[in-house]
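Undergrad: The structure under discussion is supplied below as C-alpha cells; questions concerning it will follow.
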Amino acid sequence: MANEILEEQISGEYKYGFVTDIDADNAPKGLNEEIIRFISSKKNEPEWMLDYRLKAFRYWLTLDEPHWAHVSYQKPDFQEIIYYSAPKPKVQLNSLDEVDPELLKTFEKLGISIEEQKRLSGVESRIAVDIVMDSVSVKTTFKETLSEKGIIFCSFGEAVQEHPELVKKYMSSVVPYTDNFYAALNSAVFTDGSFCYIPKGVRCPMELSTYFRINASGTGQFERTLIIADEDSYVSYLEGCTAPMRDENQLHAAVVEIVAHKNAEVKYSTVQNWYPGDKDGKGGIFNFVTKRGICLEDNSKISWTQVETGSAVTWKYPSVILKGDNSIGEFYSVAVTNNYQQADTGTKMMHLGKNTRSTIISKGISAGFSNNSYRGLVRIAKGASNARNFSQCDSLLMGDKCGAHTFPYIEIKDKSAVVEHEATTSKIGEDQLFYCKQRGIDNEKAIGLIVNGYCKEVLNKLPMEFAVEAQKLLAVSLEGSVG
Amino acid sequence: MLSIKNLHASIGGKEILKGINLEVKAGEVHAIMGPNGSGKSTLSAVLAGREDYEVTEGEIIFNGKNLLELSPEDRAREGVFLAFQYPIEIPGVSNVNFLKTALNEIRAYKGLEPMEAKDFLARLKEKQKLVELDGKLANRSVNEGFSGGEKKRNEIFQMAMLEPKLAILDETDSGLDIDALRIVAGGVNKLKSNDNATIVITHYQRLLDYIVPDVVHILYKGKIVKSGPKELALELEERGYDFIKEEIGA
C-alpha cells in the first residue's frame with residue numbers, strides 16, 4: 001500500500017524554477033589563467049588578489065576531484081562552465097530606482113524585500129540583505145544603518161576595494177586554498193559574496209542575510225563569504241538560495257569563513273533550496289561547499305544551523321575549529337532528500353583549546369530514490385583537556401527505495417575527553433499516518449506534522465523569520481513522498 | 001446513527017469478519033465482547049478505515065452516509081473516533097499542536113473557520129479537567145514517553161476535545177490499573193449525551209462496571225452470536241466464553 005502511494009505521488013513542486021530574462025555580461029566559457037585575469041580585471045582588483053587567485057588556480061590544476069563522498073554523479077566539465085556572469089548594469093547601485101525592474105520582479109517573486117522597510121515603532125524585526133545574482137552582488141540593504149554602529153556589511157568585491165586590510169588579514173585564514181579541490185577552485189574564480197565585520201563590543205541589531213540566486217544558464221556560482229566577529233560582539237547571519245529549473249547540472253562551489261574573536265558569538269543559519277532536479281533526477285545544482293569557522297580566542301562560540309532541501313548533489317560539512325579555551329561549536333542540521341537527490345553532509349568539530357564543547361544534532365530525511373548520508377568528524381587534540389562532544393544523528397526513511405547512511409569519525413588524543421554519540425534510524429510508520437488520519441488530518445498535513453516534529457530540535461534554532469519558511473519548505477519538499 | 005449490515009472483511013486473504021449486523025442509535029452505549037481472535041479489533045479497524053483490511057461484502061451506513069466510501073480522515077471528520085488499543089507516539093509534535101491541527105481540519109471540512117486561540121485554550125482546560133490529565137502532558141509530544149495509563153487517558157482527552165458522534169473504544173481498559181480505569185470510564189460517562197453513541201470493545205467485564213452498556217454483543221469467530229442487556233456481560237464473566245461455544249454448538 002505504502003509503495004503504491006509512494007509511486008503514485010512524487011510531485012513535490014519547486015516554485016523558484018523560473019528564469020529572469022535579464023541582460024547579462026558573461027565571460028567566455030572555460031577556465032584558464034586568461035579567464036582568471038578577466039574576472040580579476042572586471043572586478044578591478046588589486047594585484048595581491050590576482051596573485052592569490054593565480055596561486056590557487058595553479059594549485060587546483062594539481063588536484064583530483066574527491067571521491068570519498070557517498071554520492072555518484074557525472075563529473076562536471078570545468079571547461080564548459082561560464083565563470084563570470086553579471087546582470088547589467090554592474091556598477092554599484094545607489095538607489096532602488098537604478099535597479100533593473102526585471103530584477104526587482106525576480107526578488108519579489110522570491111519573496112525577498114529589497115526595499116528597506118521603515119521601522120515600525122521598534123517592533124518590526126528587520127533583516128539586512130545582500131543579494132547575489134549569478135556572479136555579482138546586486139544590492140545590499142541597510143548599509144548606512146549598520147555603519148552607524150561600525151558594522152561593515154557589503155559585497156565581497158566592495159570589501160576588497162574598501163577594506164583591503166581586513167580582507168588580506170582574514171581571507172583564507174580559515175579555509176586556505178590548499179584545503180580541498182573545490183576550495184582551490186573557488187579561490188581561483190570566486191566572483192562575489194558577502195563580507196561582514198562586527199567591531200568590538202557590538203551586538204548586531206538586525207539579522208544579516210545574503211540571498212544567492214543562480215539565474216544565467218551554463219554558469220557556475222562561486223561565492224565567498226567572510227564573517228569576522230571581533231571581541232565581545234554578536235551577529236546572526238542568514239543565507240538563502242534558489243535557482244531556475246534547468247536540464248543541465250549547474251555547479252555551486254562556495255567558501256564561507258567565519259572568525260570569532262574573544263567572547264564573540266556568530267550564528268550562521270542556512271536554508272538551502274537550490275533546484276534539486278526533476279523527479280527523474282535530471283538537472284539540478286551540484287552544491288559543493290566548504291564552510292568553516294574558527295573560534296580563534298577564548299569563550300567564543302560559532303553555531304551552524306542548516307536546513308538542506310535543495311540541490312541534486314550536496315557535499316557540505318560546516319565545521320568549527322575550537323582553538324580558544326572554553327569555546328563552543330554547534331551544528332544543527334536537517335537534510336532532506338527526495339526523488340534522486342543525493343546528500344553527503346555533516347560537520348567537523350576540531351577541539352584544540354581546553355574546556356571546549358561541541359554539539360552535533362543531525363536529522364536526515366530520505367524519500368523517493370534518494371540517498372542521504374551524515375558524515376562527521378570529532379577530533380580532540382592532545383592538550384585539549386576536558387573537551388566534550390555530544391553527537392546525535394537521526395535518520396528518517398520514507399518508503400523503501402531510499403537510503404540513509406551514517407559515517408561518524410571520532411579521533412581522541414586526550415584522555416580527559418568525553419564524547420557521546422547517539423544514532424537512530426526510523427521509518428515514518430503507516431501507524432503514525434493512520435493515527436493522524438483517524439483524527440481528521442490528511443496524508444500531506446500528517447507528513448508535515450510528523451517531519452516537523454522530528455526536526456523540531458533543529459528548527460527551534462533558526463531565527464523566527466526563517467523557521468516558518470523552513471517548516472513550509474520541508475512540507476513542500478516531501479509533498480507526496482510517502483503513503 | 002450506525003447501521004452495519006452483513007459485513008465481511010478479510011486481511012491478507014483471510015476472512016475475519018463473517019457477516020456482522022449491528023444497529024447503534026444516538027444516545028446508546030454498546031459493548032462488544034469476545035475471546036481473542038474473534039474479530040473485535042478488526043471491526044474497529046474496518047470502521048475507522050484502516051487500509052490493510054478488505055471489505056468483501058456488506059455495508060456500513062453512518063448518519064446516512066456510506067462509510068466505506070469515505071477516506072479514514074473523512075470518517076473522522078464525519079464524527080467517527082477510535083480510541084486506539086495501542087496509541088501511537090509522534091515525537092516532537094505536542095499534544096496541543098496535534099489537537100489544534102485535528103480540530104481545525106475537522107472544522108474546515110464542515111466549512112468552519114479555525115477555532116479562536118482563546119476558545120481553543122478554554123476547551124483544552126475544561127477537557128483536561130474532565131479526564132484529570134496533567135497539564136504537562138498536554139504540552140508534551142503526542143504519547144511520547146507516556147505510561148500505558150497516560151496513553152489511554154490521552155485518547156479519552158482527544159476524544160473529549162474532538163467531540164465525536166461515534167466513539168469506538170478499542171480495549172481501552174487493557175493495561176489500566178483500577179484508578180486509571182475509573183478516571184477513563186468517568187471521562188467517557190461525562191461525555192455521553194443524547195447525540196452521541198459509544199461502542200466499547202473489551203475482553204473483560206470489569207470496564208462495564210463503570211461504563212454501563214445498553215446492549216452487550218458477543219462476537220465469536222467473526223459473527224455476533226448473541227446480544228442482550230448488560231446482564232449478559234456478567235453471565236459471560238461468570239461462565240467464561242465456553243458457555244457461548246456450547247450454546248451455539250460450536
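The chains in the C-alpha cells are called A, B, ... from first to last as shown; in each chain the residues are counted from 1, and the ligands are counted from 1 in the order shown.
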Find the residues near Ser38 (chain B): any atom within 8 Å, counting only C-alpha atoms, skip ones fewer than 6 places away on the same chain, and give them as an MDAnalysis selection string.

TA: chainID B and resid 16 219:223

Undergrad: DSSP on the backbone: which residues in region 34-245 of chain B end up as alpha helix (DSSP H)? Give the answer as a ChimeraX atom specification.

TA: /B:40-48,72-78,95-109,117-130,135-139,148-162,178-191,231-239,242-245

Undergrad: Would you return as a PyMOL selection string the members of region 179-411 of chain A that DSSP assigns to strand (DSSP E or B) on this structure's backbone?

TA: chain A and resi 192+194-198+203+207-213+219+221+223-229+234-242+249-252+255-260+265-272+284-295+301-308+313-316+319-322+328-337+342-351+357-366+371-380+388-397+403-411

Undergrad: So how many Å separate CA of Thr219 (chain A) and CA of Phe369 (chain A), to one decimal?

TA: 27.6 Å

Undergrad: Residues of chain A within 8 Å of chain B, using only C-alpha atoms, as a VMD selection string?

TA: chain A and resid 1 431 to 432 434 to 442 449 to 450 452 to 456

Undergrad: Show which residues sit within 6 Å of region 55-63 of chain B, as JSON, numbers by chain. Count only C-alpha atoms, and ignore same-chain residues fewer than 2 positions away.

TA: {"B": [1, 2, 3, 4, 5, 6, 7, 8, 9, 65, 66, 67]}

Undergrad: With a distance cut-off of 7 Å and only C-alpha atoms, select the neighbouring residues of region 270-274 of chain A, excluding the residue or stretch itself and same-chain residues fewer than 6 positions from it, and output the selection as a list in words.

TA: Leu238, Glu239, Gly240, Cys241, Thr242, Ala243, Ile285, Thr305, Gln306, Val307, Glu308, Thr309, Gly310, Ser311 and Ala470 of chain A

Undergrad: With only C-alpha atoms as the counted atoms, please give the residues lying no more than 7 Å from Ser155 (chain A), apart from itself and same-chain residues fewer than 6 positions off, as a list in words.

TA: Asp130, Ser137, Asp192, Gly193, Ser194 and Phe195 of chain A
